[in-house]
Amino acid sequence: MKAIILNNSGTIAEFAMTELPMPIIMENEVLIQVKTIGLNPVDVKTRSGLALYERLKENKPLILGWDVSGVVVETGAKVSEFKKGDEVFGMVNFPGHGKCYAEYVAAPANHIALKPSNVSHEDAAAASLAALTAWQLLKHKAKPKPGDKILVQAASGGVGHYAVQMAKHFGAYVIGTSSSKNRDFIISLGADEHIAYDEQAFENIVKDVDFVLEPFAKDNLYKSLKVTKPGGIILCIIGIIPDDVLQKAKAKDVEIFYYLVKSDGEDMKDIADLLAKGIIKSHVSKVFPFEQMGNAHLEIEKGRTLGKIVVRV
């Protein structure tokens, strides 16, 4: 099978297309013929030597990628939920060695879900790590009630655009931030209010929010803390939280919670249900062919992705 390996950390020049043996599945795994691969900032950071690189660098060959949609071609002896021919999607082995930059991938059966028939492979692959991050934070941590006020920072991005839709599903009042050019997009997702960071300082407008979904660090955390009411929660998807911010949050009775998404088939079933019913929709801004994986990484590096980037195998 064709696979893209990472020889060393660094630029996209470290990627190499190669031929590898087909994966041998364990009794609790399925073999997926990959149709599409969803990309995330963690892919780019890991390739460059950050994020998960130290954890994964001893794997030879090192194959990046965690988000996949495809067709089951083989099932392990203890797998009963899936059968050959099923279309499935999910986030594989995160934060471990996902190996999804390949024509075939071995996936634990409890990491994936059936792909809804009314959802494309492109939209399904997009709705894995980013959608799971938003879902796990909202469903398992924030648990918003109707009327709760949620501030979604970077609402036009991968995690953000799912978070807006999910928060509205829970009945929350949603404020989304982005650049002014993405205002219409944020409102189309269902946001009640939009703040353009290139026109206004959100901390001068917003107040008394129950939850903040925060993908940024440093100065933005201070500002988010300012607008969060006592008893509120700041849900961080970055791991760098300065000690002084933690101290100020404690004094204000605000919890700052860092969360790293984890593969979970039950949560993927929830995502599948939301997609099938049209409660959430993936916005895929660009699709690259497998041979242009490097270009897809360069697109994400720009930091201006609207929704998601997907690679078609």
# chains A, B, ... in the order shown; residues from 1 in each chain; ligands from 1
>>> select_by_dssp(residues="range 139-255 of chain A", states="helix (DSSP H, G or I)", output="VMD selection string")
chain A and resid 139 to 142 158 to 169 180 to 188 202 to 204 219 to 227 243 to 252
>>> write_last_selection(atoms="C-alpha atoms", output="short mmCIF file (atom, residue, chain, number, x, y, z; two decimals), in the first residue's frame")
data_model
loop_
_atom_site.label_atom_id
_atom_site.label_comp_id
_atom_site.auth_asym_id
_atom_site.auth_seq_id
_atom_site.Cartn_x
_atom_site.Cartn_y
_atom_site.Cartn_z
CA LYS A 139 -21.05 17.29 26.70
CA HIS A 140 -18.73 15.93 29.37
CA LYS A 141 -17.27 19.06 30.96
CA ALA A 142 -19.35 22.19 30.37
CA GLY A 158 -12.03 23.47 12.95
CA VAL A 159 -13.04 23.06 16.59
CA GLY A 160 -14.81 26.41 16.71
CA HIS A 161 -17.27 25.87 13.88
CA TYR A 162 -18.43 22.58 15.40
CA ALA A 163 -18.58 24.10 18.90
CA VAL A 164 -20.94 26.87 17.76
CA GLN A 165 -23.34 24.35 16.24
CA MET A 166 -23.18 21.99 19.22
CA ALA A 167 -23.64 24.77 21.76
CA LYS A 168 -26.78 25.88 19.93
CA HIS A 169 -27.97 22.26 20.01
CA SER A 180 -14.71 40.43 10.16
CA LYS A 181 -14.58 38.63 6.79
CA ASN A 182 -16.02 35.49 8.42
CA ARG A 183 -18.96 37.20 10.13
CA ASP A 184 -21.60 35.77 7.80
CA PHE A 185 -20.15 32.29 8.17
CA ILE A 186 -20.30 32.44 11.97
CA ILE A 187 -23.89 33.66 11.93
CA SER A 188 -24.82 30.93 9.44
CA PHE A 202 -14.24 41.29 22.75
CA GLU A 203 -13.32 41.89 26.39
CA ASN A 204 -14.86 45.38 26.15
CA ASP A 219 -2.90 37.42 26.48
CA ASN A 220 -6.15 35.91 25.21
CA LEU A 221 -6.52 33.84 28.37
CA TYR A 222 -6.35 36.99 30.48
CA LYS A 223 -9.06 38.57 28.36
CA SER A 224 -11.27 35.48 28.49
CA LEU A 225 -10.92 35.39 32.26
CA LYS A 226 -12.08 38.99 32.41
CA VAL A 227 -15.41 38.17 30.70
CA ASP A 243 0.50 30.27 36.74
CA ASP A 244 -0.62 33.85 37.28
CA VAL A 245 -3.70 33.21 35.15
CA LEU A 246 -4.50 30.15 37.23
CA GLN A 247 -4.13 32.20 40.41
CA LYS A 248 -6.36 34.99 39.13
CA ALA A 249 -8.94 32.44 38.01
CA LYS A 250 -8.97 30.82 41.43
CA ALA A 251 -9.48 34.20 43.08
CA LYS A 252 -12.43 34.86 40.77
#
>>> residues_around(residues="Leu137 in chain A", least_positions_apart="3", cutoff="12 Å", atoms="only C-alpha atoms", output="MDAnalysis selection string")
chainID A and resid 130:134 140:144 152 159:160 162:163 166:167 211:214 233:237 257:262 267
>>> select_by_dssp(residues="range 83-218 of chain A", states="strand (DSSP E)", output="PyMOL selection string")
chain A and resi 87-91+104-108+112-114+149-152+173-178+193-196+209-214
>>> write_last_selection(atoms="N, CA and C atoms", output="tab-separated table (two decimals), in the first residue's frame")
chain	number	residue	atom	x	y	z
A	87	GLU	N	-19.20	1.55	5.78
A	87	GLU	CA	-18.51	2.84	5.70
A	87	GLU	C	-18.41	3.39	7.12
A	88	VAL	N	-17.20	3.72	7.54
A	88	VAL	CA	-16.94	4.13	8.91
A	88	VAL	C	-16.07	5.39	8.94
A	89	PHE	N	-16.04	6.03	10.10
A	89	PHE	CA	-15.16	7.18	10.28
A	89	PHE	C	-14.81	7.30	11.75
A	90	GLY	N	-13.76	8.06	12.02
A	90	GLY	CA	-13.37	8.26	13.41
A	90	GLY	C	-11.97	8.80	13.56
A	91	MET	N	-11.57	8.96	14.81
A	91	MET	CA	-10.23	9.41	15.16
A	91	MET	C	-9.49	8.20	15.74
A	104	TYR	N	-4.47	2.20	3.68
A	104	TYR	CA	-5.19	1.33	4.61
A	104	TYR	C	-4.70	1.61	6.03
A	105	VAL	N	-5.62	1.52	6.98
A	105	VAL	CA	-5.25	1.75	8.37
A	105	VAL	C	-5.96	0.74	9.27
A	106	ALA	N	-5.25	0.24	10.27
A	106	ALA	CA	-5.85	-0.63	11.28
A	106	ALA	C	-6.39	0.25	12.39
A	107	ALA	N	-7.68	0.12	12.70
A	107	ALA	CA	-8.32	0.98	13.70
A	107	ALA	C	-9.01	0.14	14.76
A	108	PRO	N	-8.80	0.44	16.04
A	108	PRO	CA	-9.58	-0.23	17.08
A	108	PRO	C	-11.08	-0.01	16.83
A	112	ILE	N	-14.17	4.04	16.33
A	112	ILE	CA	-14.85	4.49	15.12
A	112	ILE	C	-16.36	4.31	15.23
A	113	ALA	N	-17.05	4.83	14.23
A	113	ALA	CA	-18.51	4.70	14.16
A	113	ALA	C	-18.92	4.54	12.71
A	114	LEU	N	-20.12	4.06	12.48
A	114	LEU	CA	-20.65	3.98	11.13
A	114	LEU	C	-20.85	5.38	10.57
A	149	LYS	N	-24.59	31.18	28.54
A	149	LYS	CA	-23.87	32.01	27.57
A	149	LYS	C	-22.48	31.41	27.33
A	150	ILE	N	-22.19	31.11	26.05
A	150	ILE	CA	-20.91	30.50	25.69
A	150	ILE	C	-20.18	31.38	24.68
A	151	LEU	N	-18.92	31.67	24.98
A	151	LEU	CA	-18.06	32.41	24.07
A	151	LEU	C	-17.15	31.41	23.36
A	152	VAL	N	-17.26	31.34	22.05
A	152	VAL	CA	-16.42	30.44	21.26
A	152	VAL	C	-15.39	31.29	20.52
A	173	TYR	N	-26.80	30.39	24.47
A	173	TYR	CA	-26.63	31.65	23.75
A	173	TYR	C	-25.16	31.70	23.35
A	174	VAL	N	-24.89	31.78	22.05
A	174	VAL	CA	-23.52	31.61	21.57
A	174	VAL	C	-22.98	32.90	20.96
A	175	ILE	N	-21.79	33.28	21.44
A	175	ILE	CA	-21.05	34.41	20.88
A	175	ILE	C	-19.80	33.84	20.22
A	176	GLY	N	-19.62	34.14	18.96
A	176	GLY	CA	-18.45	33.63	18.24
A	176	GLY	C	-17.53	34.75	17.81
A	177	THR	N	-16.22	34.53	17.96
A	177	THR	CA	-15.25	35.52	17.49
A	177	THR	C	-14.54	35.00	16.25
A	178	SER	N	-14.20	35.92	15.37
A	178	SER	CA	-13.41	35.61	14.18
A	178	SER	C	-13.03	36.94	13.55
A	193	GLU	N	-24.48	35.95	18.23
A	193	GLU	CA	-23.73	37.21	18.22
A	193	GLU	C	-22.34	36.94	17.64
A	194	HIS	N	-21.81	37.90	16.90
A	194	HIS	CA	-20.46	37.77	16.35
A	194	HIS	C	-19.64	38.99	16.73
A	195	ILE	N	-18.39	38.73	17.09
A	195	ILE	CA	-17.46	39.83	17.39
A	195	ILE	C	-16.24	39.66	16.49
A	196	ALA	N	-15.94	40.69	15.73
A	196	ALA	CA	-14.79	40.68	14.83
A	196	ALA	C	-13.58	41.20	15.59
A	209	VAL	N	-20.03	35.52	30.90
A	209	VAL	CA	-20.28	34.29	30.17
A	209	VAL	C	-20.08	33.10	31.11
A	210	ASP	N	-20.82	32.03	30.84
A	210	ASP	CA	-20.71	30.82	31.66
A	210	ASP	C	-19.52	29.97	31.26
A	211	PHE	N	-19.26	29.91	29.94
A	211	PHE	CA	-18.18	29.07	29.43
A	211	PHE	C	-17.47	29.80	28.29
A	212	VAL	N	-16.15	29.61	28.25
A	212	VAL	CA	-15.35	30.09	27.12
A	212	VAL	C	-14.62	28.89	26.53
A	213	LEU	N	-14.73	28.70	25.23
A	213	LEU	CA	-13.89	27.72	24.55
A	213	LEU	C	-12.71	28.47	23.98
A	214	GLU	N	-11.52	28.18	24.52
A	214	GLU	CA	-10.35	29.01	24.28
A	214	GLU	C	-9.22	28.21	23.62
>>> atom_distance(atom1="CA of Ala272 in chain A", atom2="CA of Lys115 in chain A")
6.4 Å
>>> residues_around(residues="Leu306 in chain A", least_positions_apart="5", cutoff="7 Å", atoms="only C-alpha atoms", output="list in words")
Ser156, Gly157 and Ser285 of chain A
>>> write_last_selection(atoms="N, CA and C atoms", output="mmCIF file, in the first residue's frame")
data_model
loop_
_atom_site.group_PDB
_atom_site.id
_atom_site.type_symbol
_atom_site.label_atom_id
_atom_site.label_comp_id
_atom_site.auth_asym_id
_atom_site.auth_seq_id
_atom_site.Cartn_x
_atom_site.Cartn_y
_atom_site.Cartn_z
ATOM 1 N N SER A 156 -14.540 30.296 13.550
ATOM 2 C CA SER A 156 -14.553 29.889 12.147
ATOM 3 C C SER A 156 -13.595 28.730 11.874
ATOM 4 N N GLY A 157 -12.846 28.315 12.878
ATOM 5 C CA GLY A 157 -11.867 27.253 12.696
ATOM 6 C C GLY A 157 -12.459 25.866 12.861
ATOM 7 N N SER A 285 -13.198 23.502 3.587
ATOM 8 C CA SER A 285 -12.832 24.622 2.720
ATOM 9 C C SER A 285 -11.976 24.199 1.541
#
>>> residues_around(residues="Ala3 in chain A", least_positions_apart="3", cutoff="8 Å", atoms="only C-alpha atoms", output="list in words")
Met17, Thr18, Glu19, Leu20, Ile63, Tyr101, Ala102 and Glu103 of chain A
>>> atom_distance(atom1="CA of Leu298 in chain A", atom2="CA of Val42 in chain A")
13.0 Å
